[in-house]
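Pasting data02.pdb here (PDB, C-alpha atoms):
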MODEL        1
ATOM      1  CA  MET A1128    -130.090  22.541   7.550
ATOM      2  CA  ASN A1129    -128.692  18.974   7.229
ATOM      3  CA  LYS A1130    -129.671  15.986   9.387
ATOM      4  CA  ILE A1131    -126.833  16.467  11.899
ATOM      5  CA  GLU A1132    -127.613  20.180  12.273
ATOM      6  CA  LYS A1133    -131.293  19.346  12.883
ATOM      7  CA  VAL A1134    -130.361  16.890  15.644
ATOM      8  CA  LEU A1135    -128.086  19.445  17.296
ATOM      9  CA  GLU A1136    -130.767  22.124  17.030
ATOM     10  CA  ARG A1137    -133.157  19.909  18.998
ATOM     11  CA  LYS A1138    -130.490  19.396  21.681
ATOM     12  CA  ARG A1139    -129.713  23.101  22.123
ATOM     13  CA  ALA A1140    -130.984  24.594  25.355
ATOM     14  CA  SER A1141    -131.901  28.182  26.076
ATOM     15  CA  ILE A1142    -130.206  30.022  28.894
ATOM     16  CA  GLU A1143    -133.656  30.276  30.525
ATOM     17  CA  SER A1144    -133.839  26.473  30.745
ATOM     18  CA  ILE A1145    -130.466  26.425  32.501
ATOM     19  CA  VAL A1146    -131.669  29.094  34.922
ATOM     20  CA  ASN A1147    -134.767  27.008  35.672
ATOM     21  CA  ALA A1148    -132.616  23.925  36.289
ATOM     22  CA  VAL A1149    -130.522  25.879  38.783
ATOM     23  CA  ASN A1150    -133.519  27.380  40.560
ATOM     24  CA  ASN A1151    -135.297  24.035  40.865
ATOM     25  CA  ASN A1152    -132.377  21.992  42.222
ATOM     26  CA  LYS A1153    -130.145  22.031  45.287
ATOM     27  CA  ASP A1154    -127.132  19.715  44.943
ATOM     28  CA  PHE A1155    -124.655  20.377  42.130
ATOM     29  CA  LEU A1156    -121.400  19.016  40.819
ATOM     30  CA  VAL A1157    -119.205  21.258  38.647
ATOM     31  CA  SER A1158    -116.524  19.660  36.493
ATOM     32  CA  ALA A1159    -114.357  20.416  33.462
ATOM     33  CA  HIS A1160    -112.030  18.708  31.023
ATOM     34  CA  ILE A1161    -108.901  16.713  31.779
ATOM     35  CA  GLY A1162    -105.643  18.663  31.638
ATOM     36  CA  PRO A1163    -107.335  21.805  33.019
ATOM     37  CA  GLU A1164    -106.111  25.281  32.064
ATOM     38  CA  GLY A1165    -107.180  28.801  32.893
ATOM     39  CA  ASP A1166    -110.531  28.809  31.132
ATOM     40  CA  ALA A1167    -111.694  25.483  32.559
ATOM     41  CA  ILE A1168    -110.539  26.318  36.082
ATOM     42  CA  GLY A1169    -111.797  29.891  36.104
ATOM     43  CA  SER A1170    -115.176  28.960  34.622
ATOM     44  CA  ALA A1171    -115.756  26.114  37.079
ATOM     45  CA  LEU A1172    -114.730  28.158  40.115
ATOM     46  CA  ALA A1173    -116.783  31.198  39.093
ATOM     47  CA  LEU A1174    -119.849  29.024  38.552
ATOM     48  CA  SER A1175    -119.386  27.223  41.865
ATOM     49  CA  LEU A1176    -119.121  30.515  43.759
ATOM     50  CA  ALA A1177    -122.262  31.812  42.061
ATOM     51  CA  LEU A1178    -124.180  28.637  42.962
ATOM     52  CA  LYS A1179    -123.003  28.858  46.562
ATOM     53  CA  ALA A1180    -124.225  32.458  46.663
ATOM     54  CA  MET A1181    -127.659  31.000  45.884
ATOM     55  CA  ASP A1182    -127.304  28.698  48.897
ATOM     56  CA  LYS A1183    -126.727  25.635  46.724
ATOM     57  CA  ASN A1184    -124.596  22.671  47.731
ATOM     58  CA  VAL A1185    -121.658  22.456  45.324
ATOM     59  CA  VAL A1186    -118.766  20.056  44.737
ATOM     60  CA  VAL A1187    -116.062  20.989  42.207
ATOM     61  CA  TYR A1188    -114.353  17.897  40.773
ATOM     62  CA  PHE A1189    -111.486  17.695  38.296
ATOM     63  CA  ALA A1190    -109.998  14.400  37.144
ATOM     64  CA  ASP A1191    -106.512  15.976  36.951
ATOM     65  CA  ARG A1192    -104.709  18.168  39.420
ATOM     66  CA  ILE A1193    -104.597  21.926  38.995
ATOM     67  CA  PRO A1194    -101.304  23.359  37.631
ATOM     68  CA  PRO A1195     -99.499  25.356  40.356
ATOM     69  CA  VAL A1196     -99.588  28.591  38.326
ATOM     70  CA  TYR A1197    -103.343  28.764  39.011
ATOM     71  CA  GLY A1198    -102.937  28.305  42.746
ATOM     72  CA  PHE A1199    -103.795  31.965  43.425
ATOM     73  CA  MET A1200    -107.340  31.707  42.068
ATOM     74  CA  PRO A1201    -110.140  32.236  44.601
ATOM     75  CA  SER A1202    -111.578  28.956  45.989
ATOM     76  CA  VAL A1203    -109.100  26.815  44.044
ATOM     77  CA  GLU A1204    -108.525  24.912  47.295
ATOM     78  CA  THR A1205    -112.124  23.627  47.106
ATOM     79  CA  ILE A1206    -111.393  21.593  43.963
ATOM     80  CA  THR A1207    -111.206  17.869  44.637
ATOM     81  CA  ASN A1208    -109.504  15.217  42.523
ATOM     82  CA  ILE A1209    -111.247  12.447  44.457
ATOM     83  CA  LEU A1210    -114.302  11.037  42.745
ATOM     84  CA  PRO A1211    -117.360  12.169  44.738
ATOM     85  CA  GLU A1212    -119.693   9.526  46.136
ATOM     86  CA  ASN A1213    -122.529  12.022  46.645
ATOM     87  CA  SER A1214    -125.788  12.037  44.745
ATOM     88  CA  PHE A1215    -126.438  15.179  42.707
ATOM     89  CA  ASP A1216    -129.492  16.842  41.272
ATOM     90  CA  ALA A1217    -127.437  18.200  38.376
ATOM     91  CA  VAL A1218    -123.904  18.201  37.025
ATOM     92  CA  PHE A1219    -122.337  21.111  35.138
ATOM     93  CA  ALA A1220    -119.659  20.234  32.577
ATOM     94  CA  VAL A1221    -117.862  23.426  31.558
ATOM     95  CA  ASP A1222    -115.396  24.016  28.708
ATOM     96  CA  CYS A1223    -115.664  20.420  27.526
ATOM     97  CA  GLY A1224    -116.494  19.381  23.978
ATOM     98  CA  GLU A1225    -117.194  15.716  24.630
ATOM     99  CA  ILE A1226    -118.035  13.656  27.689
ATOM    100  CA  ASP A1227    -114.923  11.473  27.450
ATOM    101  CA  ARG A1228    -112.784  14.542  28.198
ATOM    102  CA  LEU A1229    -114.276  14.766  31.671
ATOM    103  CA  GLY A1230    -112.060  11.823  32.580
ATOM    104  CA  GLU A1231    -112.405   8.057  32.744
ATOM    105  CA  ASP A1232    -113.842   8.104  36.265
ATOM    106  CA  PHE A1233    -116.575  10.634  35.537
ATOM    107  CA  MET A1234    -118.959   7.943  34.289
ATOM    108  CA  LYS A1235    -118.603   6.165  37.651
ATOM    109  CA  ILE A1236    -120.339   9.002  39.499
ATOM    110  CA  LYS A1237    -123.553   7.633  40.936
ATOM    111  CA  ASP A1238    -126.832   9.512  40.637
ATOM    112  CA  ARG A1239    -125.360  12.486  38.822
ATOM    113  CA  GLY A1240    -128.796  13.749  37.798
ATOM    114  CA  LEU A1241    -129.260  16.247  34.986
ATOM    115  CA  LEU A1242    -126.139  16.793  32.872
ATOM    116  CA  ILE A1243    -125.728  20.439  31.835
ATOM    117  CA  ASN A1244    -123.160  21.199  29.145
ATOM    118  CA  LEU A1245    -121.762  24.772  29.096
ATOM    119  CA  ASP A1246    -119.225  25.303  26.348
ATOM    120  CA  HIS A1247    -117.978  27.394  23.429
ATOM    121  CA  HIS A1248    -116.224  24.822  21.198
ATOM    122  CA  ALA A1249    -117.515  24.432  17.657
ATOM    123  CA  THR A1250    -116.627  20.727  17.902
ATOM    124  CA  ASN A1251    -118.908  20.153  20.924
ATOM    125  CA  ASP A1252    -121.005  17.002  20.410
ATOM    126  CA  TYR A1253    -123.922  18.100  22.647
ATOM    127  CA  PHE A1254    -123.538  15.262  25.139
ATOM    128  CA  GLY A1255    -125.621  16.862  27.877
ATOM    129  CA  ASP A1256    -129.285  16.682  28.780
ATOM    130  CA  LEU A1257    -129.186  20.471  28.488
ATOM    131  CA  ASN A1258    -126.606  22.016  26.139
ATOM    132  CA  PHE A1259    -125.847  25.717  26.162
ATOM    133  CA  VAL A1260    -123.029  25.884  23.598
ATOM    134  CA  TYR A1261    -122.266  29.434  22.541
ATOM    135  CA  GLU A1262    -119.748  29.036  19.720
ATOM    136  CA  ASP A1263    -119.244  32.776  19.281
ATOM    137  CA  ALA A1264    -118.002  33.156  22.846
ATOM    138  CA  SER A1265    -114.314  33.904  23.356
ATOM    139  CA  ALA A1266    -114.086  31.442  26.239
ATOM    140  CA  ALA A1267    -116.191  29.210  28.455
ATOM    141  CA  GLY A1268    -115.754  31.975  31.008
ATOM    142  CA  GLU A1269    -117.894  34.211  28.822
ATOM    143  CA  VAL A1270    -120.637  31.555  28.742
ATOM    144  CA  VAL A1271    -120.543  31.280  32.538
ATOM    145  CA  TYR A1272    -120.576  35.083  32.846
ATOM    146  CA  ARG A1273    -123.777  35.200  30.779
ATOM    147  CA  LEU A1274    -125.362  32.484  32.927
ATOM    148  CA  ILE A1275    -124.461  34.249  36.174
ATOM    149  CA  ARG A1276    -125.966  37.482  34.862
ATOM    150  CA  ALA A1277    -129.104  35.572  33.838
ATOM    151  CA  LEU A1278    -129.282  34.109  37.347
ATOM    152  CA  GLN A1279    -129.202  37.703  38.628
ATOM    153  CA  ILE A1280    -126.343  36.937  40.998
ATOM    154  CA  ASP A1281    -124.019  39.741  42.055
ATOM    155  CA  ILE A1282    -120.540  39.151  40.661
ATOM    156  CA  THR A1283    -118.202  39.414  43.631
ATOM    157  CA  LEU A1284    -114.509  40.178  43.276
ATOM    158  CA  ASN A1285    -113.645  36.479  43.687
ATOM    159  CA  ILE A1286    -116.053  35.480  40.921
ATOM    160  CA  ALA A1287    -114.719  38.313  38.752
ATOM    161  CA  ILE A1288    -111.096  37.224  39.180
ATOM    162  CA  ASN A1289    -111.931  33.673  38.096
ATOM    163  CA  LEU A1290    -113.899  34.876  35.064
ATOM    164  CA  TYR A1291    -111.139  37.294  34.078
ATOM    165  CA  VAL A1292    -108.510  34.527  34.228
ATOM    166  CA  ALA A1293    -110.761  32.319  32.087
ATOM    167  CA  ILE A1294    -111.190  34.920  29.368
ATOM    168  CA  LEU A1295    -107.641  36.305  29.519
ATOM    169  CA  THR A1296    -105.998  32.905  29.096
ATOM    170  CA  ASP A1297    -108.319  31.556  26.404
ATOM    171  CA  THR A1298    -107.937  34.659  24.248
ATOM    172  CA  GLY A1299    -104.147  34.653  24.607
ATOM    173  CA  SER A1300    -104.271  37.913  26.552
ATOM    174  CA  PHE A1301    -106.797  39.242  24.045
ATOM    175  CA  ARG A1302    -104.511  38.482  21.067
ATOM    176  CA  TYR A1303    -106.209  35.483  19.441
ATOM    177  CA  GLY A1304    -108.760  35.611  16.670
ATOM    178  CA  SER A1305    -111.378  34.350  19.131
ATOM    179  CA  THR A1306    -111.202  37.713  20.910
ATOM    180  CA  THR A1307    -114.487  39.520  20.342
ATOM    181  CA  SER A1308    -115.918  42.862  21.360
ATOM    182  CA  SER A1309    -117.912  40.954  23.985
ATOM    183  CA  ALA A1310    -114.682  39.679  25.516
ATOM    184  CA  PHE A1311    -113.464  43.246  25.989
ATOM    185  CA  LYS A1312    -116.834  44.411  27.328
ATOM    186  CA  ILE A1313    -116.978  41.602  29.873
ATOM    187  CA  ALA A1314    -113.354  42.199  30.868
ATOM    188  CA  ALA A1315    -114.160  45.888  31.361
ATOM    189  CA  ASP A1316    -117.077  44.952  33.611
ATOM    190  CA  LEU A1317    -114.826  42.660  35.656
ATOM    191  CA  VAL A1318    -112.173  45.381  35.989
ATOM    192  CA  GLU A1319    -114.845  47.795  37.210
ATOM    193  CA  ILE A1320    -115.765  45.245  39.855
ATOM    194  CA  GLY A1321    -112.178  45.344  41.082
ATOM    195  CA  VAL A1322    -110.000  42.971  39.047
ATOM    196  CA  SER A1323    -106.420  44.236  38.629
ATOM    197  CA  PRO A1324    -105.137  43.293  35.134
ATOM    198  CA  TRP A1325    -101.518  43.764  36.218
ATOM    199  CA  GLU A1326    -101.820  41.586  39.318
ATOM    200  CA  ILE A1327    -103.483  38.789  37.340
ATOM    201  CA  SER A1328    -100.934  38.984  34.506
ATOM    202  CA  LYS A1329     -98.042  39.018  36.959
ATOM    203  CA  LYS A1330     -99.288  35.862  38.671
ATOM    204  CA  LEU A1331    -100.017  34.082  35.411
ATOM    205  CA  TYR A1332     -97.014  35.059  33.299
ATOM    206  CA  GLU A1333     -94.253  36.358  35.578
ATOM    207  CA  SER A1334     -94.224  33.899  38.463
ATOM    208  CA  TYR A1335     -92.676  30.800  36.888
ATOM    209  CA  PRO A1336     -90.049  28.635  38.609
ATOM    210  CA  GLU A1337     -86.527  28.543  37.164
ATOM    211  CA  LYS A1338     -86.973  24.957  35.988
ATOM    212  CA  ARG A1339     -89.634  26.056  33.504
ATOM    213  CA  LEU A1340     -87.056  28.099  31.575
ATOM    214  CA  LYS A1341     -84.624  25.192  31.652
ATOM    215  CA  LEU A1342     -87.346  22.913  30.280
ATOM    216  CA  LEU A1343     -88.214  25.475  27.602
ATOM    217  CA  GLY A1344     -84.575  25.468  26.492
ATOM    218  CA  LEU A1345     -84.658  21.695  26.038
ATOM    219  CA  ALA A1346     -87.959  21.887  24.163
ATOM    220  CA  LEU A1347     -86.734  24.629  21.826
ATOM    221  CA  ASN A1348     -83.721  22.493  21.020
ATOM    222  CA  SER A1349     -86.131  19.868  19.618
ATOM    223  CA  LEU A1350     -87.513  22.311  17.014
ATOM    224  CA  ASP A1351     -88.436  20.425  13.840
ATOM    225  CA  LEU A1352     -89.499  22.409  10.754
ATOM    226  CA  ARG A1353     -91.462  20.637   8.016
ATOM    227  CA  CYS A1354     -93.439  21.415   4.854
ATOM    228  CA  ASP A1355     -91.045  24.121   3.654
ATOM    229  CA  GLY A1356     -91.113  25.813   7.046
ATOM    230  CA  LYS A1357     -94.910  25.973   7.254
ATOM    231  CA  VAL A1358     -95.104  23.439  10.090
ATOM    232  CA  ALA A1359     -93.054  23.630  13.276
ATOM    233  CA  MET A1360     -92.978  21.003  16.007
ATOM    234  CA  LEU A1361     -91.562  20.917  19.520
ATOM    235  CA  ASN A1362     -91.553  17.888  21.763
ATOM    236  CA  VAL A1363     -91.226  17.427  25.508
ATOM    237  CA  THR A1364     -90.243  13.969  26.716
ATOM    238  CA  ARG A1365     -90.335  12.490  30.179
ATOM    239  CA  ASP A1366     -86.513  12.420  30.116
ATOM    240  CA  MET A1367     -86.526  16.206  29.614
ATOM    241  CA  LEU A1368     -88.925  16.653  32.524
ATOM    242  CA  ASP A1369     -86.844  14.419  34.776
ATOM    243  CA  SER A1370     -83.585  16.133  33.870
ATOM    244  CA  VAL A1371     -84.761  19.498  35.226
ATOM    245  CA  GLY A1372     -87.205  18.203  37.841
ATOM    246  CA  ALA A1373     -90.215  19.730  36.074
ATOM    247  CA  SER A1374     -93.822  18.602  35.721
ATOM    248  CA  ILE A1375     -95.810  18.480  32.502
ATOM    249  CA  ASP A1376     -98.021  21.411  33.507
ATOM    250  CA  LEU A1377     -95.036  23.763  33.134
ATOM    251  CA  THR A1378     -95.257  23.320  29.348
ATOM    252  CA  GLU A1379     -98.331  25.528  29.025
ATOM    253  CA  SER A1380     -97.898  28.089  26.198
ATOM    254  CA  PHE A1381     -94.733  26.376  24.863
ATOM    255  CA  VAL A1382     -96.591  25.825  21.576
ATOM    256  CA  ASN A1383     -96.694  29.573  20.960
ATOM    257  CA  TYR A1384     -92.908  29.745  20.466
ATOM    258  CA  PRO A1385     -92.742  27.753  17.204
ATOM    259  CA  ARG A1386     -95.838  29.560  15.958
ATOM    260  CA  SER A1387     -93.917  32.839  16.220
ATOM    261  CA  ILE A1388     -91.609  31.819  13.346
ATOM    262  CA  ASP A1389     -92.428  33.974  10.328
ATOM    263  CA  THR A1390     -92.912  31.107   7.835
ATOM    264  CA  VAL A1391     -94.945  28.882  10.153
ATOM    265  CA  GLU A1392     -98.660  28.342   9.587
ATOM    266  CA  VAL A1393     -99.175  25.478  12.058
ATOM    267  CA  ALA A1394     -97.306  24.821  15.300
ATOM    268  CA  VAL A1395     -97.439  21.552  17.225
ATOM    269  CA  LEU A1396     -96.329  20.755  20.761
ATOM    270  CA  ILE A1397     -95.962  17.024  21.443
ATOM    271  CA  LYS A1398     -95.820  16.068  25.128
ATOM    272  CA  GLU A1399     -95.013  12.569  26.341
ATOM    273  CA  ILE A1400     -97.602  11.685  28.988
ATOM    274  CA  GLY A1401     -97.015   7.934  29.186
ATOM    275  CA  GLU A1402     -95.160   5.090  27.517
ATOM    276  CA  ASN A1403     -95.705   5.608  23.775
ATOM    277  CA  GLU A1404     -98.512   8.055  24.583
ATOM    278  CA  TYR A1405     -98.485  11.719  23.632
ATOM    279  CA  LYS A1406    -100.690  14.758  24.097
ATOM    280  CA  LEU A1407    -100.606  17.193  21.178
ATOM    281  CA  SER A1408    -101.449  20.889  21.096
ATOM    282  CA  PHE A1409    -102.027  22.570  17.723
ATOM    283  CA  ARG A1410    -101.926  26.291  16.966
ATOM    284  CA  SER A1411    -102.672  27.981  13.661
ATOM    285  CA  LYS A1412    -102.128  31.501  12.409
ATOM    286  CA  GLY A1413    -105.564  31.367  10.832
ATOM    287  CA  ASP A1414    -105.555  29.826   7.374
ATOM    288  CA  VAL A1415    -105.419  26.200   8.557
ATOM    289  CA  ASP A1416    -108.261  24.802  10.664
ATOM    290  CA  VAL A1417    -106.406  22.783  13.289
ATOM    291  CA  SER A1418    -109.669  21.533  14.819
ATOM    292  CA  GLU A1419    -110.048  19.444  11.658
ATOM    293  CA  ILE A1420    -106.603  17.967  12.246
ATOM    294  CA  SER A1421    -107.218  17.212  15.922
ATOM    295  CA  SER A1422    -110.660  15.749  15.185
ATOM    296  CA  PHE A1423    -109.053  13.268  12.794
ATOM    297  CA  PHE A1424    -107.037  11.956  15.757
ATOM    298  CA  GLY A1425    -110.013  11.911  18.125
ATOM    299  CA  GLY A1426    -109.532  15.365  19.656
ATOM    300  CA  GLY A1427    -111.232  18.702  19.212
ATOM    301  CA  GLY A1428    -110.979  22.437  19.717
ATOM    302  CA  HIS A1429    -111.151  25.611  17.680
ATOM    303  CA  GLN A1430    -109.966  26.671  14.239
ATOM    304  CA  ARG A1431    -106.767  28.198  15.625
ATOM    305  CA  ALA A1432    -106.269  26.127  18.790
ATOM    306  CA  ALA A1433    -106.958  22.427  19.263
ATOM    307  CA  GLY A1434    -105.577  19.275  20.826
ATOM    308  CA  CYS A1435    -105.660  15.489  20.901
ATOM    309  CA  ALA A1436    -103.860  12.424  22.232
ATOM    310  CA  ILE A1437    -102.018   9.873  20.076
ATOM    311  CA  LYS A1438    -100.330   6.587  20.910
ATOM    312  CA  GLY A1439     -97.206   5.374  19.124
ATOM    313  CA  ILE A1440     -93.478   5.920  18.739
ATOM    314  CA  LEU A1441     -92.547   9.624  18.761
ATOM    315  CA  ASP A1442     -91.094   9.678  15.245
ATOM    316  CA  ASP A1443     -94.123   7.824  13.874
ATOM    317  CA  VAL A1444     -96.483  10.213  15.666
ATOM    318  CA  LYS A1445     -94.689  13.147  14.062
ATOM    319  CA  GLU A1446     -94.923  11.624  10.594
ATOM    320  CA  ARG A1447     -98.643  10.879  10.946
ATOM    321  CA  VAL A1448     -99.349  14.391  12.151
ATOM    322  CA  VAL A1449     -97.293  16.034   9.407
ATOM    323  CA  ARG A1450     -99.033  13.979   6.719
ATOM    324  CA  MET A1451    -102.430  15.064   8.029
ATOM    325  CA  ILE A1452    -101.429  18.724   8.294
ATOM    326  CA  ASP A1453     -99.976  18.656   4.782
ATOM    327  CA  LYS A1454    -103.207  17.108   3.480
ATOM    328  CA  ILE A1455    -105.336  19.797   5.156
ATOM    329  CA  MET A1456    -103.085  22.619   3.912
ATOM    330  CA  ASN A1457    -103.270  21.379   0.340
ATOM    331  CA  GLN A1458    -106.992  20.702   0.112
TER     332      GLN A1458
ENDMDL
END
So, in terms of structure tokens, how does the structure I just supplied come out?
Amino acid sequence: MNKIEKVLERKRASIESIVNAVNNNKDFLVSAHIGPEGDAIGSALALSLALKAMDKNVVVYFADRIPPVYGFMPSVETITNILPENSFDAVFAVDCGEIDRLGEDFMKIKDRGLLINLDHHATNDYFGDLNFVYEDASAAGEVVYRLIRALQIDITLNIAINLYVAILTDTGSFRYGSTTSSAFKIAADLVEIGVSPWEISKKLYESYPEKRLKLLGLALNSLDLRCDGKVAMLNVTRDMLDSVGASIDLTESFVNYPRSIDTVEVAVLIKEIGENEYKLSFRSKGDVDVSEISSFFGGGGHQRAAGCAIKGILDDVKERVVRMIDKIMNQ
């Protein structure tokens, strides 16, 4: 065990210590990473409902707004994007590998109390006072499921729906390499509670507005193959969004299209989020660790799915990313 591993080992918390923190406190904040997706939203909502079932006071805060596709999720209307002024006994950060990804305003929260980090990313930097980071979990939703079971709280249908969305989306509908036997077992439990796989899938994947398809067409037209077809990039610019009246959240899963090309090993989606500012999503078919690539640019994630933000001119951003991918592939 090296020095870094020893430090992390000391910062790891048992699930029993998290249970004790919940039992011994009353006022909680639940938050998750910027640019929230299904796992972050489902995990936070499921946890908040479980805490409320224990008669706890709970505020759910996200720095960014929730994409409309997740508007059907139970208690999603309770999420606030306004920085709370309350004092808290403890704050849960779910599905977040580093504290900066909770948003710039998070550090302004007064009297946030104990910081509890619940996550499954291998790149997590253990920023919490208590860190329950289960790297073998398929999703943060699985970590929250384990905590709720440890708290001995009945999983209601609303909690089950949120957990199912978390696990379904983060495993790519149980297709990704992160999908474990535990993911299927938990999903089976949630279905037994009453979750309808078809109804959830229909709302997540077959309820898009027309403008999403128009935006996808523009993005696909930007396809850029590099490294002898091993790297494929798509980009979405603000001009594209404006031309079809779409918002950036409609680009979710766009990165999977270039990855489907037979020669491609790494796919990259580059989204313009500000002037000379881009958010990148990386996907790998398995041989290339894209978390290493994203970490180089200040991001994080998993071996097959990761992300980061980069500033610069689009063409320069592409060249920098391709050089790094090529270096990783040829190590």
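By only C-alpha atoms, and with residues fewer than 6 positions from Ile1193 (chain A) along its chain excluded, the set lying at most 8 Å from it is Pro1163, Glu1164 and Ile1168 of chain A.
Residues with any atom within 6 Å of region 1405-1416 of chain A, counting only C-alpha atoms and excluding same-chain neighbours fewer than 5 positions away, are Glu1392, Val1393, Ala1394, Val1395, Leu1396, Ile1397, Lys1398, Glu1399, Ile1400, Gln1430, Arg1431, Ala1432, Ala1433, Gly1434, Cys1435, Ala1436 and Ile1437 of chain A.
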Could those residues be written to a file, using C-alpha atoms, as a CSV table (one decimal), in the frame of the given file?
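Output below, filename result_17.csv:
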chain,number,residue,atom,x,y,z
A,1392,GLU,CA,-98.7,28.3,9.6
A,1393,VAL,CA,-99.2,25.5,12.1
A,1394,ALA,CA,-97.3,24.8,15.3
A,1395,VAL,CA,-97.4,21.6,17.2
A,1396,LEU,CA,-96.3,20.8,20.8
A,1397,ILE,CA,-96.0,17.0,21.4
A,1398,LYS,CA,-95.8,16.1,25.1
A,1399,GLU,CA,-95.0,12.6,26.3
A,1400,ILE,CA,-97.6,11.7,29.0
A,1430,GLN,CA,-110.0,26.7,14.2
A,1431,ARG,CA,-106.8,28.2,15.6
A,1432,ALA,CA,-106.3,26.1,18.8
A,1433,ALA,CA,-107.0,22.4,19.3
A,1434,GLY,CA,-105.6,19.3,20.8
A,1435,CYS,CA,-105.7,15.5,20.9
A,1436,ALA,CA,-103.9,12.4,22.2
A,1437,ILE,CA,-102.0,9.9,20.1
Between CA of Ser1202 (chain A) and CA of Leu1340 (chain A), distance in Å (one decimal): 28.5 Å
- request: Please write the residues picked by the PyMOL selection byres ((chain A and resi 1310) around 12) on this file as a PyMOL selection string.
  value: chain A and resi 1263-1270+1272-1273+1290-1309+1311-1317
task: Can you pull out every residue within 8 Å of region 1275-1277 of chain A, counting only C-alpha atoms, but drop anything in the same chain fewer than 5 positions away, and send it as a ChimeraX atom specification?
output: /A:1142-1143,1146,1174,1177,1282
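Among A:Asn1151, A:Asn1244, A:Ser1170, A:Ser1144, the residue with the shortest atom-to-atom distance to Tyr1261 (chain A), counting all atoms listed in the file, is A:Asn1244.
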Name the residues that the PyMOL selection byres ((chain A and resi 1352) around 12) picks from the file above, as a JSON list (two decimals) with C-alpha atoms, in the coordinates of the input, using the file's chain letters and numbers.
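Saved the output as selection26.json:
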[["chain", "number", "residue", "atom", "x", "y", "z"],
["A", 1347, "LEU", "CA", -86.73, 24.63, 21.83],
["A", 1348, "ASN", "CA", -83.72, 22.49, 21.02],
["A", 1349, "SER", "CA", -86.13, 19.87, 19.62],
["A", 1350, "LEU", "CA", -87.51, 22.31, 17.01],
["A", 1351, "ASP", "CA", -88.44, 20.42, 13.84],
["A", 1353, "ARG", "CA", -91.46, 20.64, 8.02],
["A", 1354, "CYS", "CA", -93.44, 21.42, 4.85],
["A", 1355, "ASP", "CA", -91.04, 24.12, 3.65],
["A", 1356, "GLY", "CA", -91.11, 25.81, 7.05],
["A", 1357, "LYS", "CA", -94.91, 25.97, 7.25],
["A", 1358, "VAL", "CA", -95.10, 23.44, 10.09],
["A", 1359, "ALA", "CA", -93.05, 23.63, 13.28],
["A", 1360, "MET", "CA", -92.98, 21.00, 16.01],
["A", 1361, "LEU", "CA", -91.56, 20.92, 19.52],
["A", 1385, "PRO", "CA", -92.74, 27.75, 17.20],
["A", 1386, "ARG", "CA", -95.84, 29.56, 15.96],
["A", 1388, "ILE", "CA", -91.61, 31.82, 13.35],
["A", 1389, "ASP", "CA", -92.43, 33.97, 10.33],
["A", 1390, "THR", "CA", -92.91, 31.11, 7.84],
["A", 1391, "VAL", "CA", -94.94, 28.88, 10.15],
["A", 1392, "GLU", "CA", -98.66, 28.34, 9.59],
["A", 1393, "VAL", "CA", -99.18, 25.48, 12.06],
["A", 1394, "ALA", "CA", -97.31, 24.82, 15.30],
["A", 1395, "VAL", "CA", -97.44, 21.55, 17.23],
["A", 1445, "LYS", "CA", -94.69, 13.15, 14.06],
["A", 1449, "VAL", "CA", -97.29, 16.03, 9.41]]
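If you look at CA of Met1181 (chain A) and CA of Phe1259 (chain A), they are 20.5 Å away from each other.
By only C-alpha atoms, and with residues fewer than 6 positions from Gly1344 (chain A) along its chain excluded, the set lying at most 12 Å from it is A:Glu1337, A:Lys1338, A:Leu1350, A:Leu1361, A:Asn1362, A:Val1363, A:Met1367, A:Leu1368, A:Ser1370, A:Val1371, A:Thr1378, A:Phe1381, A:Tyr1384.
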query: Pick from A:Met1200, A:Ala1140, A:Leu1441, A:Ala1180: nearest to Leu1278 (chain A), with all atoms listed in the file counted?
result: A:Ala1180
